[in-house]
Each structure stands twice: as C-alpha cells, then as structure tokens.
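See below for target-v9.txt, which holds compact mmCIF, C-alpha atoms and all ligand atoms.
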# COMPACT_ATOMS: atom_id res chain seq x y z
CA MET W 36 -92.09 86.94 116.90
CA THR W 37 -94.74 88.03 119.37
CA GLU W 38 -95.34 91.65 120.27
CA GLN W 39 -94.45 90.82 123.86
CA THR W 40 -91.09 89.31 122.94
CA LEU W 41 -90.15 92.26 120.78
CA GLY W 42 -91.41 94.66 123.44
CA ALA W 43 -89.22 92.94 126.04
CA ILE W 44 -86.17 93.28 123.78
CA LEU W 45 -86.86 96.98 123.26
CA ASP W 46 -87.37 97.44 127.02
CA THR W 47 -84.02 95.78 127.70
CA TYR W 48 -82.25 98.49 125.73
CA GLY W 49 -84.36 101.36 127.06
CA HIS W 50 -85.78 102.14 123.58
CA GLU W 51 -82.48 103.87 122.78
CA PRO W 52 -81.77 104.53 119.09
CA ARG W 53 -78.03 103.99 119.73
CA CYS W 54 -78.85 100.36 120.66
CA LEU W 55 -80.14 99.50 117.18
CA VAL W 56 -77.46 96.83 116.56
CA GLU W 57 -78.02 95.18 119.94
CA VAL W 58 -81.80 95.13 119.41
CA LEU W 59 -81.39 93.59 115.95
CA GLN W 60 -78.99 91.02 117.39
CA ASP W 61 -81.58 89.95 119.95
CA VAL W 62 -84.31 89.80 117.31
CA GLN W 63 -82.04 87.68 115.10
CA HIS W 64 -81.28 85.39 118.04
CA ALA W 65 -84.92 85.04 119.10
CA GLU W 66 -86.44 84.59 115.66
CA GLY W 67 -83.57 83.16 113.59
CA TYR W 68 -83.89 86.10 111.22
CA ILE W 69 -85.15 89.68 111.14
CA SER W 70 -88.61 89.85 109.64
CA GLU W 71 -90.02 92.87 107.83
CA ASP W 72 -92.59 93.32 110.61
CA ALA W 73 -89.92 93.19 113.31
CA ILE W 74 -87.56 95.67 111.66
CA THR W 75 -90.46 98.07 111.00
CA THR W 76 -91.59 97.92 114.64
CA VAL W 77 -88.02 98.39 115.88
CA CYS W 78 -87.58 101.47 113.69
CA GLU W 79 -90.88 102.99 114.81
CA ASP W 80 -90.03 102.35 118.45
CA LEU W 81 -86.46 103.64 118.31
CA GLY W 82 -87.19 106.49 115.92
CA VAL W 83 -84.60 105.18 113.48
CA PRO W 84 -85.12 105.51 109.69
CA LEU W 85 -86.03 102.17 108.09
CA MET W 86 -83.28 102.62 105.52
CA GLU W 87 -80.68 102.91 108.28
CA ALA W 88 -81.88 99.68 109.92
CA TYR W 89 -81.77 97.82 106.60
CA ARG W 90 -78.26 99.20 105.95
CA VAL W 91 -77.12 97.80 109.31
CA ALA W 92 -78.92 94.48 108.80
CA ARG W 93 -77.33 94.00 105.38
CA PHE W 94 -73.85 95.08 106.51
CA TYR W 95 -73.40 92.47 109.24
CA LYS W 96 -73.12 88.88 108.06
CA ALA W 97 -74.66 87.68 111.33
CA PHE W 98 -78.00 89.19 110.35
CA SER W 99 -80.42 87.54 107.99
CA LEU W 100 -83.50 89.19 106.51
CA ALA W 101 -84.98 85.87 105.44
CA PRO W 102 -85.61 82.70 107.42
CA ARG W 103 -82.53 80.49 107.54
CA GLY W 104 -82.43 76.75 107.29
CA LYS W 105 -81.94 74.50 110.28
CA HIS W 106 -78.32 74.01 109.18
CA VAL W 107 -76.09 76.72 107.73
CA VAL W 108 -73.31 75.77 105.32
CA THR W 109 -70.87 78.63 104.85
CA VAL W 110 -68.30 78.25 102.08
CA CYS W 111 -65.35 80.65 102.02
CA ASP W 112 -64.78 82.20 98.62
CA GLY W 113 -61.96 84.52 99.62
CA THR W 114 -58.96 84.69 97.31
CA ALA W 115 -56.91 82.00 99.07
CA CYS W 116 -59.78 79.54 99.22
CA HIS W 117 -60.96 80.42 95.73
CA VAL W 118 -57.63 79.48 94.12
CA ARG W 119 -57.59 76.27 96.13
CA GLY W 120 -60.90 75.04 94.79
CA THR W 121 -63.94 76.87 96.10
CA PRO W 122 -65.56 77.02 92.63
CA ARG W 123 -65.57 73.21 92.48
CA LEU W 124 -67.10 73.10 95.97
CA PHE W 125 -69.92 75.39 94.88
CA ASP W 126 -70.51 73.41 91.69
CA ASP W 127 -70.96 70.26 93.69
CA VAL W 128 -72.81 71.47 96.79
CA CYS W 129 -75.21 73.64 94.76
CA GLY W 130 -76.11 70.56 92.75
CA GLN W 131 -76.42 68.44 95.87
CA LEU W 132 -78.73 70.90 97.66
CA GLY W 133 -80.46 72.36 94.60
CA ILE W 134 -79.83 75.95 95.72
CA VAL W 135 -77.32 78.73 95.12
CA PRO W 136 -75.50 80.75 97.80
CA GLY W 137 -77.94 82.92 99.72
CA GLU W 138 -80.80 80.45 99.36
CA THR W 139 -82.46 77.93 101.66
CA THR W 140 -83.68 74.50 100.60
CA ASP W 141 -87.43 74.07 100.25
CA ASP W 142 -87.51 71.69 103.21
CA GLY W 143 -85.90 74.39 105.38
CA LEU W 144 -83.02 72.09 106.25
CA PHE W 145 -80.04 73.90 104.68
CA THR W 146 -79.01 77.47 103.98
CA LEU W 147 -75.95 77.90 101.76
CA GLU W 148 -73.83 81.00 102.24
CA SER W 149 -70.68 82.42 100.72
CA VAL W 150 -68.21 84.60 102.66
CA ASN W 151 -65.05 86.43 101.69
CA CYS W 152 -62.67 85.13 104.36
CA LEU W 153 -62.98 83.04 107.48
CA GLY W 154 -59.51 83.88 108.76
CA ALA W 155 -57.94 80.47 108.13
CA CYS W 156 -56.56 81.08 104.64
CA ALA W 157 -53.64 78.63 104.93
CA LEU W 158 -56.12 75.81 105.52
CA GLY W 159 -58.38 76.49 102.58
CA PRO W 160 -60.75 75.79 101.15
CA VAL W 161 -62.57 76.34 104.43
CA VAL W 162 -66.22 75.48 105.08
CA VAL W 163 -68.18 76.11 108.28
CA ILE W 164 -71.22 73.97 108.98
CA ASP W 165 -73.32 75.01 111.96
CA GLY W 166 -70.33 76.82 113.45
CA VAL W 167 -67.84 73.95 113.02
CA TYR W 168 -64.80 74.69 110.83
CA HIS W 169 -63.63 72.17 108.24
CA ASP W 170 -60.33 72.69 106.43
CA ARG W 171 -58.88 71.57 103.10
CA VAL W 172 -62.37 70.66 101.98
CA THR W 173 -62.82 68.82 98.71
CA PRO W 174 -66.11 68.38 96.85
CA GLY W 175 -66.28 64.77 98.06
CA LYS W 176 -65.58 65.75 101.67
CA LEU W 177 -68.23 68.46 101.58
CA ARG W 178 -70.77 66.07 100.10
CA THR W 179 -70.06 63.61 102.91
CA LEU W 180 -70.35 66.33 105.56
CA VAL W 181 -73.70 67.53 104.19
CA ASP W 182 -74.99 63.96 103.96
CA GLY W 183 -73.84 63.38 107.52
CA VAL W 184 -75.77 66.39 108.80
CA ARG W 185 -78.86 65.34 106.87
CA ASN W 186 -78.68 61.74 108.09
CA ALA W 187 -78.06 62.79 111.70
CA GLY W 188 -81.26 64.85 111.55
CA GLU W 189 -83.22 61.92 110.16
CA GLU W 190 -81.93 59.63 112.92
CA VAL W 191 -82.90 62.13 115.62
CA GLY W 192 -86.31 62.46 113.97
CA ALA W 193 -86.70 58.67 113.85
CA ASP W 194 -86.00 58.38 117.58
CA ALA W 195 -88.49 61.06 118.51
S1 LIG O 201 -59.77 83.17 102.06
FE1 LIG O 201 -60.79 81.49 102.94
S2 LIG O 201 -60.22 81.56 105.00
FE2 LIG O 201 -59.29 83.32 104.16

Please express what this file holds, its structure, as structure tokens.
Amino acid sequence: MTEQTLGAILDTYGHEPRCLVEVLQDVQHAEGYISEDAITTVCEDLGVPLMEAYRVARFYKAFSLAPRGKHVVTVCDGTACHVRGTPRLFDDVCGQLGIVPGETTDDGLFTLESVNCLGACALGPVVVIDGVYHDRVTPGKLRTLVDGVRNAGEEVGADA
C-alpha cells in the first residue's frame, strides 16, 4: 500500500484514534490484508498502542494480517456443522489444497479458513466460497466446488 493511499484513509477519518476499526477496515479493503508496515503507520498516526491495534485486528474475522488467496474457502466448524461432518470436509479439502486452515496455497489462489458458526446451523455442514453459501456440503461436493473455482480461473486466464 502506498503512503498516499494510507494517508488518504487516515485523512478520511480525521486521524481520530476512535476510528481505528474503520481505518483498519479500509486498509483491509484496499490491500486485501493489513501489513505490518500499515498497522505500524496507523498506530503512529492515531497514537494508538500497537498491541491494541493487533488485538482489534485479531478479534475481527474480517481482518487478515497475512495476504489472502484470490479465493477464500471458509468451512464452518461450529458444533452443529462439526457433528454433521466438518472433520471429513477438512480431511479432504486440506489434502486437495495442500494447506491447513489459516494458510494460503503457494500459488496464491486459495485461502482456507475455519469459523465457529455461519448462522445456518440447520443446513450444515456449511461452506462459504468467495461469499457464496453452500449447504449440506459433502467432501465430494466441496471438491467439485473447489475444482470449479480453479477451472473458472484458468478459463478466464486462457481468454485473456
Ligand atoms: S454451526 Fe455451522 S452454521 Fe452454525
């Protein structure tokens, strides 16, 4: 993120310490994640302790402190989804992507995440891929969905 972009975000919120969350949201939106440089600059500018900013950034699921993949696969591992088969989903998708929850594939294509509840417990296991909800997901269905996302990207790339 350029100095100018970050400066513009800080200007938008009047350099107010109480706007820490909003500033971090805009940084996340602009950069796709919150880099160490960005969070340090934000803290210096707002006069907020670095530890406080990291506490906020780690608390909210919407924030990421590491670059995310082009596609985000979020698997619910809340109680309802867990008893309906989430462990089998993780076994399969981790093998398919070669990563564990919280990691991003080396090619930067996929980030795999785990959450505690997506608010659709009766429809579990629930998986969200790039913001689209999928219910009653089986390992086979998830594999197909991930392959579909990967293949769609390759087709777009082939046309370009
Ligand atoms: S536990 Fe998965 S949606 Fe609630």

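In this structure, CA of Val161 in chain W sits 6.7 Å away from CA of Cys116 in chain W.
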
Using 6 Å as the limit and counting only C-alpha atoms and all ligand atoms, can you tabulate each residue of chain W that touches ligand LIG 201 (chain O), with its shortest atom-to-atom distance in Å and the two atoms involved, as CSV?
residue,atom,partner,partner_atom,distance
W:Cys111,CA,O:LIG201,FE1,4.7
W:Asp112,CA,O:LIG201,FE1,5.9
W:Gly113,CA,O:LIG201,S1,3.5
W:Thr114,CA,O:LIG201,S1,5.1
W:Ala115,CA,O:LIG201,S1,4.3
W:Cys116,CA,O:LIG201,FE1,4.3
W:Cys152,CA,O:LIG201,FE2,3.8
W:Leu153,CA,O:LIG201,S2,4.0
W:Gly154,CA,O:LIG201,S2,4.5
W:Ala155,CA,O:LIG201,S2,4.0
W:Cys156,CA,O:LIG201,FE2,3.6
W:Gly159,CA,O:LIG201,FE1,5.6
W:Pro160,CA,O:LIG201,FE1,6.0
W:Val161,CA,O:LIG201,FE1,5.6

Which residue of W:Met86, W:Val118, W:Cys78, W:Leu132 approaches Phe145 in chain W most closely, using all atoms listed in the file: W:Leu132

Would you kindly identify which residues have an atom no farther than 12 Å from (-76.9, 70.7, 94.5), using only C-alpha atoms and the file's own coordinates, and write them out as a count of residues only? 25

Sel. within 12 Å of pt (-75.8, 91.9, 105.5), counting only C-alpha atoms, output as a VMD selection string: chain W and resid 59 68 to 69 88 to 101 137 148 to 150

So, counting only C-alpha atoms, which residue among W:Ala43, W:Val162, W:Val167, W:Leu180 is closest to Thr109 in chain W? W:Val162

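With CA of Leu144 in chain W on one side and CA of Ile74 in chain W on the other, the separation reads 24.6 Å.
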
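Here CA of His117 in chain W and CA of Val172 in chain W stand 11.7 Å from one another.
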
May I ask you to restore all heavy atoms in range 75-86 of chain W and write the result as a compact mmCIF listing (two decimals), in the frame of the given file?
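Output below, filename rebuild_17.txt:
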# COMPACT_ATOMS: atom_id res chain seq x y z
N THR W 75 -89.60 96.88 111.07
CA THR W 75 -90.46 98.07 111.00
C THR W 75 -90.84 98.53 112.41
O THR W 75 -90.75 99.73 112.73
CB THR W 75 -91.74 97.75 110.19
OG1 THR W 75 -91.34 97.32 108.89
CG2 THR W 75 -92.63 98.96 110.07
N THR W 76 -91.22 97.58 113.26
CA THR W 76 -91.59 97.92 114.64
C THR W 76 -90.40 98.50 115.39
O THR W 76 -90.53 99.49 116.13
CB THR W 76 -92.11 96.66 115.37
OG1 THR W 76 -93.21 96.13 114.63
CG2 THR W 76 -92.56 96.99 116.78
N VAL W 77 -89.23 97.90 115.20
CA VAL W 77 -88.02 98.39 115.88
C VAL W 77 -87.75 99.84 115.46
O VAL W 77 -87.47 100.70 116.31
CB VAL W 77 -86.81 97.49 115.53
CG1 VAL W 77 -85.49 98.15 115.92
CG2 VAL W 77 -86.95 96.13 116.22
N CYS W 78 -87.86 100.11 114.18
CA CYS W 78 -87.58 101.47 113.69
C CYS W 78 -88.59 102.47 114.25
O CYS W 78 -88.20 103.57 114.66
CB CYS W 78 -87.61 101.49 112.16
SG CYS W 78 -86.16 100.73 111.45
N GLU W 79 -89.85 102.08 114.27
CA GLU W 79 -90.88 102.99 114.81
C GLU W 79 -90.61 103.26 116.28
O GLU W 79 -90.70 104.39 116.75
CB GLU W 79 -92.27 102.37 114.64
CG GLU W 79 -92.75 102.43 113.19
CD GLU W 79 -94.03 101.62 112.95
OE1 GLU W 79 -94.55 101.02 113.91
OE2 GLU W 79 -94.46 101.57 111.79
N ASP W 80 -90.25 102.21 117.01
CA ASP W 80 -90.03 102.35 118.45
C ASP W 80 -88.79 103.19 118.76
O ASP W 80 -88.80 104.03 119.66
CB ASP W 80 -89.89 100.97 119.09
CG ASP W 80 -89.79 101.06 120.59
OD1 ASP W 80 -88.66 101.22 121.11
OD2 ASP W 80 -90.85 101.01 121.26
N LEU W 81 -87.72 102.95 118.02
CA LEU W 81 -86.46 103.64 118.31
C LEU W 81 -86.37 105.01 117.62
O LEU W 81 -85.47 105.79 117.91
CB LEU W 81 -85.26 102.78 117.87
CG LEU W 81 -85.12 101.40 118.52
CD1 LEU W 81 -83.85 100.71 118.02
CD2 LEU W 81 -85.08 101.51 120.04
N GLY W 82 -87.27 105.24 116.67
CA GLY W 82 -87.19 106.49 115.92
C GLY W 82 -86.02 106.50 114.95
O GLY W 82 -85.40 107.54 114.71
N VAL W 83 -85.71 105.31 114.42
CA VAL W 83 -84.60 105.18 113.48
C VAL W 83 -85.17 105.01 112.07
O VAL W 83 -86.15 104.27 111.89
CB VAL W 83 -83.74 103.94 113.84
CG1 VAL W 83 -82.70 103.64 112.77
CG2 VAL W 83 -83.08 104.12 115.20
N PRO W 84 -84.61 105.70 111.06
CA PRO W 84 -85.12 105.51 109.69
C PRO W 84 -85.00 104.05 109.25
O PRO W 84 -83.98 103.40 109.53
CB PRO W 84 -84.21 106.39 108.83
CG PRO W 84 -83.61 107.37 109.78
CD PRO W 84 -83.52 106.66 111.12
N LEU W 85 -86.02 103.55 108.56
CA LEU W 85 -86.03 102.17 108.09
C LEU W 85 -84.80 101.86 107.23
O LEU W 85 -84.20 100.79 107.31
CB LEU W 85 -87.33 101.93 107.30
CG LEU W 85 -87.78 100.49 107.10
CD1 LEU W 85 -87.85 99.71 108.41
CD2 LEU W 85 -89.12 100.46 106.39
N MET W 86 -84.42 102.84 106.42
CA MET W 86 -83.28 102.62 105.52
C MET W 86 -81.99 102.39 106.31
O MET W 86 -81.15 101.59 105.92
CB MET W 86 -83.11 103.82 104.59
CG MET W 86 -82.44 103.39 103.33
SD MET W 86 -82.14 104.53 102.03
CE MET W 86 -83.24 105.73 101.92
